[in-house]
$ cat target-v4.pdb   # PDB, C-alpha atoms
ATOM      1  CA  MET A  21     -10.152   6.863 -51.002
ATOM      2  CA  ALA A  22      -8.866   9.746 -48.901
ATOM      3  CA  GLU A  23     -11.834   9.312 -46.562
ATOM      4  CA  LYS A  24     -10.898   5.651 -45.945
ATOM      5  CA  LYS A  25      -7.333   6.626 -45.138
ATOM      6  CA  LYS A  26      -8.585   9.342 -42.826
ATOM      7  CA  ASP A  27     -10.854   6.850 -41.031
ATOM      8  CA  LYS A  28      -7.978   4.383 -40.757
ATOM      9  CA  VAL A  29      -5.737   7.078 -39.244
ATOM     10  CA  TYR A  30      -8.457   7.940 -36.702
ATOM     11  CA  GLN A  31      -8.834   4.266 -35.808
ATOM     12  CA  ILE A  32      -5.107   3.977 -35.272
ATOM     13  CA  LEU A  33      -5.052   7.150 -33.175
ATOM     14  CA  ASN A  34      -7.957   5.888 -31.071
ATOM     15  CA  LYS A  35      -6.166   2.592 -30.469
ATOM     16  CA  LEU A  36      -2.996   4.448 -29.523
ATOM     17  CA  GLU A  37      -4.944   6.588 -27.063
ATOM     18  CA  GLU A  38      -6.536   3.466 -25.608
ATOM     19  CA  HIS A  39      -3.131   1.805 -25.230
ATOM     20  CA  ASP A  40      -1.763   4.973 -23.654
ATOM     21  CA  LYS A  41      -4.672   5.035 -21.194
ATOM     22  CA  ASN A  42      -4.121   1.355 -20.350
ATOM     23  CA  PHE A  43      -0.411   2.010 -19.913
ATOM     24  CA  ASP A  44      -1.156   4.869 -17.489
ATOM     25  CA  GLU A  45      -3.503   2.617 -15.505
ATOM     26  CA  MET A  46      -0.850  -0.105 -15.340
ATOM     27  CA  ARG A  47       1.741   2.454 -14.259
ATOM     28  CA  MET A  48      -0.538   3.638 -11.445
ATOM     29  CA  LYS A  49      -1.168   0.060 -10.301
ATOM     30  CA  PHE A  50       2.542  -0.714 -10.444
ATOM     31  CA  ASN A  51       3.209   2.424  -8.415
ATOM     32  CA  ASP A  52       0.697   1.199  -5.814
ATOM     33  CA  VAL A  53       2.472  -2.170  -5.698
ATOM     34  CA  LEU A  54       5.846  -0.506  -5.197
ATOM     35  CA  THR A  55       4.418   1.734  -2.490
ATOM     36  CA  GLY A  56       3.087  -1.351  -0.711
ATOM     37  CA  GLN A  57       6.460  -3.033  -1.021
ATOM     38  CA  ASP A  58       8.144   0.048   0.430
ATOM     39  CA  LYS A  59       5.952  -0.301   3.524
ATOM     40  CA  ILE A  60       6.786  -4.008   3.808
ATOM     41  CA  ILE A  61      10.514  -3.340   3.415
ATOM     42  CA  LYS A  62      10.364  -0.680   6.130
ATOM     43  CA  GLU A  63       8.647  -3.137   8.473
ATOM     44  CA  LEU A  64      11.256  -5.803   7.672
ATOM     45  CA  GLU A  65      14.087  -3.363   8.361
ATOM     46  CA  THR A  66      12.507  -2.433  11.684
ATOM     47  CA  ALA A  67      12.093  -6.117  12.571
ATOM     48  CA  ARG A  68      15.737  -6.792  11.686
ATOM     49  CA  GLU A  69      16.884  -3.894  13.861
ATOM     50  CA  ASP A  70      14.726  -5.196  16.710
ATOM     51  CA  ARG A  71      16.185  -8.700  16.327
ATOM     52  CA  THR A  72      19.724  -7.315  16.280
ATOM     53  CA  PHE A  73      19.022  -5.352  19.447
ATOM     54  CA  ALA A  74      17.414  -8.386  21.110
ATOM     55  CA  ILE A  75      20.375 -10.612  20.208
ATOM     56  CA  GLY A  76      22.752  -8.100  21.758
ATOM     57  CA  LYS A  77      20.621  -7.919  24.893
ATOM     58  CA  ASP A  78      20.466 -11.729  25.107
ATOM     59  CA  ARG A  79      24.247 -11.998  24.851
ATOM     60  CA  GLU A  80      24.700  -9.365  27.529
ATOM     61  CA  GLN A  81      22.277 -11.175  29.836
ATOM     62  CA  ASP A  82      24.006 -14.509  29.157
ATOM     63  CA  ARG A  83      27.363 -12.991  30.162
ATOM     64  CA  ARG A  84      25.865 -11.554  33.321
ATOM     65  CA  LEU A  85      24.224 -14.881  34.220
ATOM     66  CA  ASP A  86      27.489 -16.729  33.638
ATOM     67  CA  GLY A  87      29.210 -14.285  35.982
ATOM     68  CA  LEU A  88      26.512 -14.719  38.597
ATOM     69  CA  GLU A  89      26.752 -18.513  38.374
ATOM     70  CA  GLU A  90      30.483 -18.306  39.034
ATOM     71  CA  ARG A  91      29.887 -16.044  42.021
ATOM     72  CA  VAL A  92      27.219 -18.398  43.419
ATOM     73  CA  GLN A  93      29.576 -21.372  43.061
ATOM     74  CA  LYS A  94      32.346 -19.487  44.897
ATOM     75  CA  VAL A  95      29.957 -18.566  47.698
ATOM     76  CA  GLU A  96      28.731 -22.168  47.937
ATOM     77  CA  VAL A  97      32.308 -23.405  48.206
ATOM     78  CA  LYS A  98      33.080 -20.881  50.962
ATOM     79  CA  VAL A  99      29.872 -21.604  52.864
ATOM     80  CA  GLY A 100      30.361 -25.307  52.369
TER      81      GLY A 100
END
$ encode --input "target-v4.pdb" --output "C-alpha coordinates"
Amino acid sequence: MAEKKKDKVYQILNKLEEHDKNFDEMRMKFNDVLTGQDKIIKELETAREDRTFAIGKDREQDRRLDGLEERVQKVEVKVG
(Lines of atoms letter the chains of each structure in order from A and count residues from 1; the text may use other names and numbers.)
(Lines give C-alpha, C1' and ligand atoms only; values in the text may rest on other atoms or scores of the structure.)
Protein backbone atom coordinates (compact mmCIF):
# COMPACT_ATOMS: atom_id res chain seq x y z
CA MET A 1 0.00 0.00 0.00
CA ALA A 2 2.82 2.39 0.85
CA GLU A 3 4.43 1.61 -2.50
CA LYS A 4 1.25 2.65 -4.36
CA LYS A 5 1.13 5.92 -2.46
CA LYS A 6 4.79 6.50 -3.20
CA ASP A 7 4.20 5.87 -6.92
CA LYS A 8 1.20 8.19 -6.87
CA VAL A 9 3.29 10.94 -5.23
CA TYR A 10 5.99 10.50 -7.89
CA GLN A 11 3.37 10.71 -10.64
CA ILE A 12 2.02 13.91 -9.15
CA LEU A 13 5.51 15.36 -8.80
CA ASN A 14 6.32 14.46 -12.41
CA LYS A 15 3.13 16.15 -13.60
CA LEU A 16 3.95 19.23 -11.54
CA GLU A 17 7.43 19.36 -13.05
CA GLU A 18 5.94 19.01 -16.52
CA HIS A 19 3.47 21.83 -15.83
CA ASP A 20 6.29 23.95 -14.44
CA LYS A 21 8.35 23.31 -17.58
CA ASN A 22 5.38 24.19 -19.80
CA PHE A 23 4.79 27.33 -17.75
CA ASP A 24 8.44 28.37 -18.21
CA GLU A 25 8.15 27.80 -21.97
CA MET A 26 4.97 29.89 -22.11
CA ARG A 27 6.65 32.62 -20.07
CA MET A 28 9.58 32.70 -22.50
CA LYS A 29 7.23 32.88 -25.50
CA PHE A 30 5.20 35.62 -23.83
CA ASN A 31 8.42 37.50 -23.13
CA ASP A 32 9.31 37.22 -26.83
CA VAL A 33 5.88 38.58 -27.75
CA LEU A 34 6.29 41.52 -25.39
CA THR A 35 9.76 42.21 -26.73
CA GLY A 36 8.34 42.27 -30.26
CA GLN A 37 5.59 44.62 -29.14
CA ASP A 38 8.17 46.91 -27.55
CA LYS A 39 9.89 47.21 -30.94
CA ILE A 40 6.57 47.96 -32.65
CA ILE A 41 5.65 50.57 -30.05
CA LYS A 42 9.03 52.26 -30.49
CA GLU A 43 8.50 52.40 -34.25
CA LEU A 44 5.00 53.83 -33.75
CA GLU A 45 6.33 56.49 -31.39
CA THR A 46 9.00 57.43 -33.92
CA ALA A 47 6.38 57.61 -36.68
CA ARG A 48 4.16 59.82 -34.51
CA GLU A 49 7.07 62.15 -33.78
CA ASP A 50 7.87 62.30 -37.50
CA ARG A 51 4.23 63.10 -38.33
CA THR A 52 4.13 65.81 -35.67
CA PHE A 53 7.30 67.35 -37.07
CA ALA A 54 5.96 67.12 -40.64
CA ILE A 55 2.67 68.77 -39.65
CA GLY A 56 4.56 71.63 -38.06
CA LYS A 57 6.72 72.02 -41.16
CA ASP A 58 3.64 71.96 -43.41
CA ARG A 59 1.96 74.69 -41.36
CA GLU A 60 5.10 76.81 -41.47
CA GLN A 61 5.34 76.40 -45.25
CA ASP A 62 1.64 77.22 -45.65
CA ARG A 63 2.13 80.46 -43.71
CA ARG A 64 5.13 81.38 -45.81
CA LEU A 65 3.26 80.63 -49.05
CA ASP A 66 0.30 82.72 -47.91
CA GLY A 67 2.69 85.59 -47.22
CA LEU A 68 4.32 85.19 -50.61
CA GLU A 69 0.94 85.16 -52.36
CA GLU A 70 0.05 88.44 -50.68
CA ARG A 71 3.36 89.95 -51.75
CA VAL A 72 2.88 88.76 -55.35
CA GLN A 73 -0.62 90.27 -55.44
CA LYS A 74 0.72 93.61 -54.16
CA VAL A 75 3.46 93.60 -56.78
CA GLU A 76 0.94 92.74 -59.52
CA VAL A 77 -1.27 95.63 -58.44
CA LYS A 78 1.69 98.04 -58.48
CA VAL A 79 2.97 96.79 -61.83
CA GLY A 80 -0.53 96.77 -63.22
$ atom_distance --input "target-v4.pdb" --atom1 "CA of Leu64 in chain A" --atom2 "CA of Asp82 in chain A"
26.5 Å
$ atom_distance --input "target-v4.pdb" --atom1 "CA of Gly87 in chain A" --atom2 "CA of Asp70 in chain A"
25.8 Å
$ atom_distance --input "target-v4.pdb" --atom1 "CA of Ile61 in chain A" --atom2 "CA of Asn42 in chain A"
28.3 Å
$ decode --input "target-v4.pdb" --residues "range 56-67 of chain A" --atoms "N, CA and C atoms" --output "PDB file, in the first residue's frame"
ATOM      1  N   GLY A  56       8.748  41.869 -28.908  1.00  0.00           N
ATOM      2  CA  GLY A  56       8.336  42.274 -30.256  1.00  0.00           C
ATOM      3  C   GLY A  56       7.412  43.473 -30.224  1.00  0.00           C
ATOM      4  N   GLN A  57       6.507  43.493 -29.264  1.00  0.00           N
ATOM      5  CA  GLN A  57       5.589  44.625 -29.145  1.00  0.00           C
ATOM      6  C   GLN A  57       6.343  45.891 -28.754  1.00  0.00           C
ATOM      7  N   ASP A  58       7.367  45.747 -27.917  1.00  0.00           N
ATOM      8  CA  ASP A  58       8.174  46.910 -27.552  1.00  0.00           C
ATOM      9  C   ASP A  58       8.799  47.541 -28.793  1.00  0.00           C
ATOM     10  N   LYS A  59       9.290  46.701 -29.701  1.00  0.00           N
ATOM     11  CA  LYS A  59       9.888  47.210 -30.939  1.00  0.00           C
ATOM     12  C   LYS A  59       8.837  47.933 -31.779  1.00  0.00           C
ATOM     13  N   ILE A  60       7.650  47.346 -31.872  1.00  0.00           N
ATOM     14  CA  ILE A  60       6.568  47.956 -32.655  1.00  0.00           C
ATOM     15  C   ILE A  60       6.159  49.294 -32.044  1.00  0.00           C
ATOM     16  N   ILE A  61       6.037  49.335 -30.730  1.00  0.00           N
ATOM     17  CA  ILE A  61       5.651  50.574 -30.047  1.00  0.00           C
ATOM     18  C   ILE A  61       6.695  51.655 -30.292  1.00  0.00           C
ATOM     19  N   LYS A  62       7.964  51.284 -30.234  1.00  0.00           N
ATOM     20  CA  LYS A  62       9.033  52.256 -30.488  1.00  0.00           C
ATOM     21  C   LYS A  62       8.918  52.816 -31.902  1.00  0.00           C
ATOM     22  N   GLU A  63       8.662  51.941 -32.869  1.00  0.00           N
ATOM     23  CA  GLU A  63       8.497  52.396 -34.252  1.00  0.00           C
ATOM     24  C   GLU A  63       7.283  53.317 -34.386  1.00  0.00           C
ATOM     25  N   LEU A  64       6.190  52.980 -33.702  1.00  0.00           N
ATOM     26  CA  LEU A  64       4.996  53.827 -33.752  1.00  0.00           C
ATOM     27  C   LEU A  64       5.262  55.194 -33.129  1.00  0.00           C
ATOM     28  N   GLU A  65       5.998  55.213 -32.024  1.00  0.00           N
ATOM     29  CA  GLU A  65       6.327  56.488 -31.388  1.00  0.00           C
ATOM     30  C   GLU A  65       7.191  57.343 -32.310  1.00  0.00           C
ATOM     31  N   THR A  66       8.146  56.708 -32.971  1.00  0.00           N
ATOM     32  CA  THR A  66       8.997  57.430 -33.916  1.00  0.00           C
ATOM     33  C   THR A  66       8.161  57.980 -35.067  1.00  0.00           C
ATOM     34  N   ALA A  67       7.245  57.165 -35.584  1.00  0.00           N
ATOM     35  CA  ALA A  67       6.380  57.607 -36.683  1.00  0.00           C
ATOM     36  C   ALA A  67       5.505  58.780 -36.239  1.00  0.00           C
TER      37      ALA A  67
END
